[in-house]
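J.: Hey, dropping input-v7.cif in here, mmCIF, C-alpha atoms:
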```cif
data_coords
loop_
_atom_site.label_atom_id
_atom_site.label_comp_id
_atom_site.auth_asym_id
_atom_site.auth_seq_id
_atom_site.Cartn_x
_atom_site.Cartn_y
_atom_site.Cartn_z
CA MET A 849 -18.36 -4.56 21.40
CA ILE A 850 -19.08 -6.31 18.08
CA ARG A 851 -17.37 -3.50 16.18
CA GLU A 852 -14.31 -3.82 18.43
CA GLN A 853 -14.20 -7.59 17.86
CA GLY A 854 -14.37 -6.98 14.11
CA ARG A 855 -11.42 -4.57 14.31
CA GLU A 856 -9.44 -7.10 16.33
CA THR A 857 -10.21 -9.87 13.83
CA ARG A 858 -9.14 -7.65 10.91
CA ARG A 859 -5.92 -6.79 12.76
CA ARG A 860 -5.14 -10.48 13.25
CA LEU A 861 -5.90 -11.24 9.60
CA LEU A 862 -3.63 -8.42 8.42
CA GLU A 863 -0.79 -9.54 10.71
CA ALA A 864 -1.16 -13.13 9.52
CA ALA A 865 -1.12 -12.03 5.89
CA VAL A 866 2.01 -9.90 6.38
CA THR A 867 3.87 -12.84 7.88
CA LEU A 868 2.67 -15.34 5.31
CA ILE A 869 3.56 -13.22 2.28
CA GLY A 870 7.20 -13.34 3.34
CA GLU A 871 7.10 -17.02 4.24
CA ALA A 872 5.10 -18.51 1.36
CA GLY A 873 5.33 -15.87 -1.37
CA TRP A 874 2.44 -13.82 -2.68
CA ASN A 875 0.92 -16.64 -4.75
CA GLY A 876 1.50 -19.24 -2.04
CA VAL A 877 -0.82 -17.71 0.55
CA THR A 878 -4.23 -19.39 0.85
CA THR A 879 -7.38 -18.62 2.80
CA ARG A 880 -6.80 -21.65 4.99
CA MET A 881 -3.23 -20.58 5.82
CA VAL A 882 -4.36 -17.10 6.83
CA ALA A 883 -7.24 -18.44 8.88
CA GLU A 884 -5.01 -20.91 10.73
CA ARG A 885 -2.37 -18.26 11.44
CA ALA A 886 -4.99 -15.77 12.64
CA GLY A 887 -6.85 -18.39 14.69
CA VAL A 888 -10.18 -17.99 12.91
CA ALA A 889 -12.42 -20.10 10.69
CA PRO A 890 -11.72 -19.83 6.93
CA GLY A 891 -15.11 -18.21 6.32
CA VAL A 892 -14.09 -15.29 8.54
CA VAL A 893 -11.40 -14.31 6.04
CA HIS A 894 -14.00 -13.86 3.30
CA TYR A 895 -16.40 -12.14 5.66
CA HIS A 896 -13.86 -9.32 6.05
CA TYR A 897 -12.21 -9.43 2.60
CA ALA A 898 -13.71 -10.31 -0.80
CA SER A 899 -10.66 -12.42 -1.65
CA VAL A 900 -7.27 -13.46 -0.36
CA THR A 901 -5.75 -11.04 -2.89
CA ASP A 902 -7.73 -8.16 -1.38
CA LEU A 903 -6.42 -9.12 2.06
CA LEU A 904 -2.83 -9.35 0.82
CA VAL A 905 -3.10 -5.96 -0.88
CA ALA A 906 -4.48 -4.36 2.28
CA ALA A 907 -1.86 -6.00 4.51
CA SER A 908 1.17 -5.28 2.32
CA CYS A 909 0.14 -1.68 1.62
CA ALA A 910 -0.44 -0.96 5.31
CA PHE A 911 2.97 -2.45 6.14
CA ALA A 912 4.75 -0.49 3.40
CA GLU A 913 3.04 2.73 4.46
CA ARG A 914 4.07 2.30 8.11
CA LEU A 915 7.64 1.40 7.17
CA LEU A 916 8.21 4.26 4.73
CA ASP A 917 6.40 6.84 6.86
CA GLU A 918 8.61 5.91 9.81
CA LEU A 919 11.77 6.12 7.71
CA ALA A 920 10.77 9.53 6.33
CA ARG A 921 9.83 10.87 9.77
CA HIS A 922 13.12 9.83 11.37
CA LEU A 923 15.14 11.03 8.40
CA ALA A 924 13.49 14.46 8.61
CA ALA A 925 14.65 14.73 12.22
CA HIS A 926 18.29 14.85 11.07
CA PRO A 927 19.39 18.44 10.40
CA ASP A 928 22.29 17.53 8.10
CA LEU A 929 22.91 15.23 5.15
CA ASP A 930 25.78 13.32 6.77
CA GLY A 931 23.84 12.46 9.91
CA GLY A 932 20.72 11.54 7.95
CA LEU A 933 22.55 9.26 5.52
CA THR A 934 24.49 7.58 8.32
CA TRP A 935 21.23 6.91 10.14
CA LEU A 936 19.47 5.70 6.99
CA LEU A 937 22.27 3.31 6.05
CA GLY A 938 22.21 1.99 9.61
CA GLN A 939 18.53 1.21 9.16
CA VAL A 940 19.15 -0.46 5.80
CA ALA A 941 21.88 -2.61 7.38
CA ALA A 942 19.20 -4.20 9.58
CA TYR A 943 17.62 -5.72 6.46
CA ASP A 944 19.58 -8.60 4.97
CA GLY A 945 17.19 -9.43 2.15
CA ALA A 946 16.08 -12.64 3.85
CA ASP A 947 14.37 -11.09 6.87
CA PRO A 948 10.54 -11.01 6.97
CA ALA A 949 10.25 -7.30 6.09
CA SER A 950 12.60 -7.59 3.11
CA LEU A 951 10.81 -10.66 1.79
CA LEU A 952 7.42 -8.98 2.19
CA MET A 953 8.50 -5.83 0.36
CA THR A 954 10.17 -7.80 -2.44
CA GLU A 955 7.04 -9.91 -2.93
CA THR A 956 4.86 -6.79 -2.83
CA TYR A 957 6.94 -4.95 -5.45
CA LEU A 958 6.76 -7.98 -7.75
CA ALA A 959 3.01 -8.46 -7.26
CA ALA A 960 2.43 -4.75 -7.92
CA GLN A 961 3.54 -5.31 -11.51
CA ARG A 962 0.58 -7.68 -12.01
CA LEU A 963 -2.13 -6.17 -9.80
CA PRO A 964 -3.35 -2.68 -10.77
CA ASP A 965 -4.93 -1.92 -7.37
CA LEU A 966 -1.77 -2.86 -5.51
CA HIS A 967 0.32 -0.95 -8.06
CA GLY A 968 -1.68 2.24 -7.57
CA ARG A 969 -1.69 2.07 -3.79
CA LEU A 970 1.99 1.17 -3.47
CA ARG A 971 2.97 3.82 -6.00
CA GLY A 972 1.14 6.43 -3.92
CA THR A 973 3.03 5.39 -0.79
CA VAL A 974 6.40 5.41 -2.54
CA VAL A 975 5.75 8.78 -4.21
CA ARG A 976 4.81 10.29 -0.83
CA PHE A 977 8.01 8.87 0.69
CA ARG A 978 10.11 10.36 -2.11
CA ARG A 979 8.35 13.72 -1.70
CA GLU A 980 9.20 13.77 2.02
CA VAL A 981 12.80 12.79 1.28
CA SER A 982 12.97 15.56 -1.33
CA THR A 983 11.76 18.09 1.23
CA TRP A 984 14.44 16.90 3.68
CA LEU A 985 17.13 17.12 1.00
CA GLN A 986 16.11 20.71 0.24
CA VAL A 987 16.27 21.60 3.95
CA VAL A 988 19.72 20.08 4.48
CA GLY A 989 21.10 21.30 1.14
CA ARG A 990 20.50 25.05 1.44
CA GLU A 991 24.04 25.73 0.24
CA ALA A 992 23.08 24.76 -3.31
CA PRO A 993 23.28 27.85 -5.57
CA GLU A 994 20.19 26.81 -7.54
CA THR A 995 16.95 28.70 -7.87
CA ASP A 996 14.08 27.45 -5.72
CA ALA A 997 12.51 25.66 -8.69
CA GLY A 998 15.88 24.24 -9.69
CA ALA A 999 16.61 23.15 -6.13
CA ALA A 1000 13.24 21.44 -5.87
CA ALA A 1001 13.71 19.59 -9.17
CA ALA A 1002 17.23 18.52 -8.19
CA ALA A 1003 16.03 17.38 -4.76
CA ASP A 1004 13.21 15.40 -6.39
CA ALA A 1005 15.73 13.61 -8.61
CA ARG A 1006 18.04 12.89 -5.65
CA ALA A 1007 15.07 11.55 -3.65
CA VAL A 1008 14.26 9.06 -6.44
CA LEU A 1009 17.92 8.06 -6.49
CA LEU A 1010 18.08 7.64 -2.71
CA ALA A 1011 14.87 5.56 -2.60
CA ALA A 1012 16.25 3.35 -5.40
CA VAL A 1013 19.52 2.92 -3.50
CA VAL A 1014 17.64 1.77 -0.40
CA ASP A 1015 15.56 -0.73 -2.40
CA GLY A 1016 18.61 -1.92 -4.31
CA LEU A 1017 20.73 -2.40 -1.21
CA VAL A 1018 18.10 -4.66 0.33
CA LEU A 1019 18.05 -6.74 -2.87
CA GLN A 1020 21.86 -6.80 -3.07
CA ARG A 1021 22.16 -7.93 0.55
CA GLY A 1022 19.70 -10.74 -0.17
CA LEU A 1023 22.21 -12.06 -2.70
CA ASP A 1024 25.35 -11.06 -0.82
CA PRO A 1025 24.86 -10.48 2.93
CA GLY A 1026 28.51 -9.43 3.12
CA VAL A 1027 27.83 -6.07 1.44
CA ASP A 1028 29.20 -3.44 3.85
CA VAL A 1029 26.44 -0.85 3.92
CA ALA A 1030 28.41 1.55 6.15
CA ALA A 1031 31.20 1.72 3.55
CA LEU A 1032 28.74 3.20 1.08
CA ALA A 1033 28.16 6.38 3.09
CA GLY A 1034 30.97 8.35 1.42
CA PRO A 1035 30.12 7.49 -2.18
CA LEU A 1036 26.40 8.00 -1.55
CA ARG A 1037 27.01 11.37 0.10
CA ALA A 1038 29.19 12.45 -2.82
CA MET A 1039 26.60 11.26 -5.33
CA LEU A 1040 23.82 13.19 -3.63
CA ARG A 1041 25.96 16.34 -3.47
CA GLY A 1042 27.16 15.98 -7.06
CA GLU A 1043 30.78 15.61 -5.95
CA ASN A 1044 33.47 13.18 -6.99
CA ALA A 1045 33.53 10.20 -4.64
CA PRO A 1046 36.63 10.00 -2.40
#
```
Give the structure from the file, written as structure tokens.

T.:
Amino acid sequence: MIREQGRETRRRLLEAAVTLIGEAGWNGVTTRMVAERAGVAPGVVHYHYASVTDLLVAASCAFAERLLDELARHLAAHPDLDGGLTWLLGQVAAYDGADPASLLMTETYLAAQRLPDLHGRLRGTVVRFRREVSTWLQVVGREAPETDAGAAAAADARAVLLAAVVDGLVLQRGLDPGVDVAALAGPLRAMLRGENAP
């Protein structure tokens, strides 16, 4: 019973931290804010986490892992490049750069440049996502006349490119919500296939 209550308290703290990172910015989140949002006493935060930074790292990494794992899993379910890219761009269109998830991820990427623990954990999540995207690109791109090693290296490079496009589109839409994500399907498809854009 006590163990279950502890898990529930940690869950509430993590959820509060995820929300607050987007609302207040990484450096704006305080112990008191988290405690109030989670409905606990401030001392409870430090009972479960050594510092607010440790809590924010845990919360943001768990969120990023869930988000990217879900994207990779759904992308892998598409048997062709066109369908997968159309689906992925549809998902990206749901993020306008000012929504809670976009703000959280932007704050997390920035904080990762200053916090080695966050950097290492987030890098691991992103590298795993790119590896899964690379595997999908190899599956849907069997027509490529490259050797297996060449195909894998090319797919790895395209996976980095695709992940950067997703990140960049979220940032671009934060500045210009009018960016038509669906219109980018053709050029992105051509870029990933090494063709000339229409």

J.: Suppose a student applies the PyMOL selection byres ((chain A and resi 864-870) around 10) to this structure; what residues should they get, written as a PyMOL selection string?

T.: chain A and resi 858-863+871-879+881-887+900-901+903-911+946-956

J.: My list of candidates is A:Gly968, A:Asp1028, A:Ala1007, A:Arg851. Which is closest to Glu980 of chain A when distances are computed with only C-alpha atoms?

T.: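 Of the candidates, the smallest distance to Glu980 of chain A is held by A:Ala1007.
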
J.: Please identify all polymer residues lying at most 12 Å from the point (25.2, -1.5, 2.0) (file coordinates), using only C-alpha atoms, and present the result as a compact mmCIF listing (two decimals) with C-alpha atoms, keeping the file's coordinate frame.

T.:
```txt
# COMPACT_ATOMS: atom_id res chain seq x y z
CA LEU A 933 22.55 9.26 5.52
CA THR A 934 24.49 7.58 8.32
CA LEU A 936 19.47 5.70 6.99
CA LEU A 937 22.27 3.31 6.05
CA GLY A 938 22.21 1.99 9.61
CA GLN A 939 18.53 1.21 9.16
CA VAL A 940 19.15 -0.46 5.80
CA ALA A 941 21.88 -2.61 7.38
CA ALA A 942 19.20 -4.20 9.58
CA TYR A 943 17.62 -5.72 6.46
CA ASP A 944 19.58 -8.60 4.97
CA GLY A 945 17.19 -9.43 2.15
CA VAL A 1013 19.52 2.92 -3.50
CA VAL A 1014 17.64 1.77 -0.40
CA ASP A 1015 15.56 -0.73 -2.40
CA GLY A 1016 18.61 -1.92 -4.31
CA LEU A 1017 20.73 -2.40 -1.21
CA VAL A 1018 18.10 -4.66 0.33
CA LEU A 1019 18.05 -6.74 -2.87
CA GLN A 1020 21.86 -6.80 -3.07
CA ARG A 1021 22.16 -7.93 0.55
CA GLY A 1022 19.70 -10.74 -0.17
CA LEU A 1023 22.21 -12.06 -2.70
CA ASP A 1024 25.35 -11.06 -0.82
CA PRO A 1025 24.86 -10.48 2.93
CA GLY A 1026 28.51 -9.43 3.12
CA VAL A 1027 27.83 -6.07 1.44
CA ASP A 1028 29.20 -3.44 3.85
CA VAL A 1029 26.44 -0.85 3.92
CA ALA A 1030 28.41 1.55 6.15
CA ALA A 1031 31.20 1.72 3.55
CA LEU A 1032 28.74 3.20 1.08
CA ALA A 1033 28.16 6.38 3.09
CA GLY A 1034 30.97 8.35 1.42
CA PRO A 1035 30.12 7.49 -2.18
CA LEU A 1036 26.40 8.00 -1.55
```

J.: Using all atoms listed in the file, pick whichever of A:Ala1005, A:Leu963, A:Val974, A:Val987 has the shortest atom-to-atom distance to Leu919 of chain A.

T.: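 Of the candidates, the smallest distance to Leu919 of chain A is held by A:Val974.
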
J.: For atom CA of Arg969 of chain A and atom CA of Tyr957 of chain A, determine how far apart the two atoms are, in Å to one decimal place.

T.: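 Taking atom CA of Arg969 of chain A as the start and atom CA of Tyr957 of chain A as the end point, the length is 11.2 Å.
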
J.: Distance atom CA of Arg1037 of chain A-atom CA of Thr983 of chain A, one decimal place?

T.: 16.7 Å

J.: Tell me, in Å to one decimal, how far atom CA of Tyr897 of chain A is from atom CA of Leu916 of chain A.

T.: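 Computed distance, atom CA of Tyr897 of chain A to atom CA of Leu916 of chain A, equals 24.7 Å.
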